[in-house]
Amino acid sequence: MPSSILNPAALPRIERRRRAASLLSARRVDLLFLLVAVVWGSSYLAAKTLTGTVSVTVILSLRFLITAVALAMIWLLWHRRRTSRREAATGVVLGLTQAAVLILETHGIAGTSATNAGLIISLVVVFTPVTESIAFRVKLPRMVFVAGVIAVVGVCLLVSADGFAAPGAGDLLMLAAAAVRSIHVT
């Protein structure tokens with residue numbers, strides 16, 4: 001084993017700086033992922049609270065309006081060239097699938113608990129590789145399916161804390177949202 005691996009002082013100064021910068025950026029990435037998870041996870045609780053006092057249509061209308069204004073401002077400030085038809089078509093498809101996800105999720109949250117919503121939507125992690133394998137005609141390793149079955153069973157056990165029961169309408173809408181989201185990210 002090289003002595004530089006065992007003795008950090010033996011590394012050249014540039015190499016030590018590069019490793020330190022890499023570690024710092026890895027920590028920054030981890031913190032950003034954690035921040036995204038906290039914001040995304042808390043959004044289910046906020047949406048559940050809002051659906052108790054305001055209609056789903058009002059919530060979605062405000063959400064889409066704020067997003068449209070923000071995107072219009074970004075487009076006006078940074079748009080430097082003409083958008084091709086292919087780019088516009090891709091944008092429309094991605095926008096429609098994202099809108100479908102948000103509609104399904106918000107209606108789903110209104111009909112289930114925030115905990116169930118978060119657990120069920122986490123199945124996107126299972127659905128996405130399967131969706132990609134179908135879309136790109138690639139065979140997945142058997143362990144992906146084993147892990148997927150374990151994840152689905154785990155979510156079912158966590159969601160059914162009061163004992164097994166048929167899923168409610170909100171649970172099914174969240175499941176549909178997870179499926180549409182897996183198509184969206186594929």
# chains A, B, ... in the order shown; residues from 1 in each chain; ligands from 1
$ select_by_dssp --residues "chain A" --states "alpha helix (DSSP H)" --output "PyMOL selection string"
chain A and resi 3-6+13-51+56-78+85-110+114-121+124-136+142-159+169-185
$ residues_around --residues "segment 127-141 of chain A" --least-positions-apart "6" --cutoff "9 Å" --atoms "only C-alpha atoms" --output "mmCIF file with C-alpha atoms, in the first residue's frame"
data_model
loop_
_atom_site.group_PDB
_atom_site.id
_atom_site.type_symbol
_atom_site.label_atom_id
_atom_site.label_comp_id
_atom_site.auth_asym_id
_atom_site.auth_seq_id
_atom_site.Cartn_x
_atom_site.Cartn_y
_atom_site.Cartn_z
ATOM 1 C CA GLY A 148 -38.999 -3.596 -4.961
ATOM 2 C CA ALA A 178 -46.178 7.798 -7.739
ATOM 3 C CA ALA A 179 -46.722 5.940 -11.014
ATOM 4 C CA ARG A 181 -44.077 10.699 -11.316
ATOM 5 C CA SER A 182 -41.996 7.658 -12.323
ATOM 6 C CA ILE A 183 -43.069 8.242 -15.937
ATOM 7 C CA VAL A 185 -38.712 11.374 -14.374
ATOM 8 C CA THR A 186 -38.079 8.665 -16.952
#
$ closest_residue --among "A:Gly95, A:Glu105, A:Ala110, A:Gly118" --to "Val38 of chain A" --atoms "only C-alpha atoms"
A:Gly118
$ residues_around --residues "Leu175 of chain A" --least-positions-apart "6" --cutoff "8 Å" --atoms "only C-alpha atoms" --output "MDAnalysis selection string"
chainID A and resid 120:121 123
$ closest_residue --among "A:Val155, A:Ala114, A:Thr57, A:Val69" --to "Trp40 of chain A" --atoms "only C-alpha atoms"
A:Ala114
$ closest_residue --among "A:Leu65, A:Leu172, A:Ile74, A:Leu119" --to "Val159 of chain A" --atoms "only C-alpha atoms"
A:Leu119
$ atom_distance --atom1 "atom CA of Ser160 of chain A" --atom2 "atom CA of Val146 of chain A"
21.2 Å
$ atom_distance --atom1 "atom CA of Glu87 of chain A" --atom2 "atom CA of Ile103 of chain A"
23.9 Å
$ closest_residue --among "A:Leu102, A:Met174, A:Val36, A:Val144" --to "Asn116 of chain A" --atoms "only C-alpha atoms"
A:Met174
$ closest_residue --among "A:Val93, A:Leu34, A:Ile109, A:Leu62" --to "Ala46 of chain A" --atoms "only C-alpha atoms"
A:Ile109
$ closest_residue --among "A:Arg81, A:His107, A:Ala37, A:Thr112" --to "Val58 of chain A" --atoms "only C-alpha atoms"
A:His107
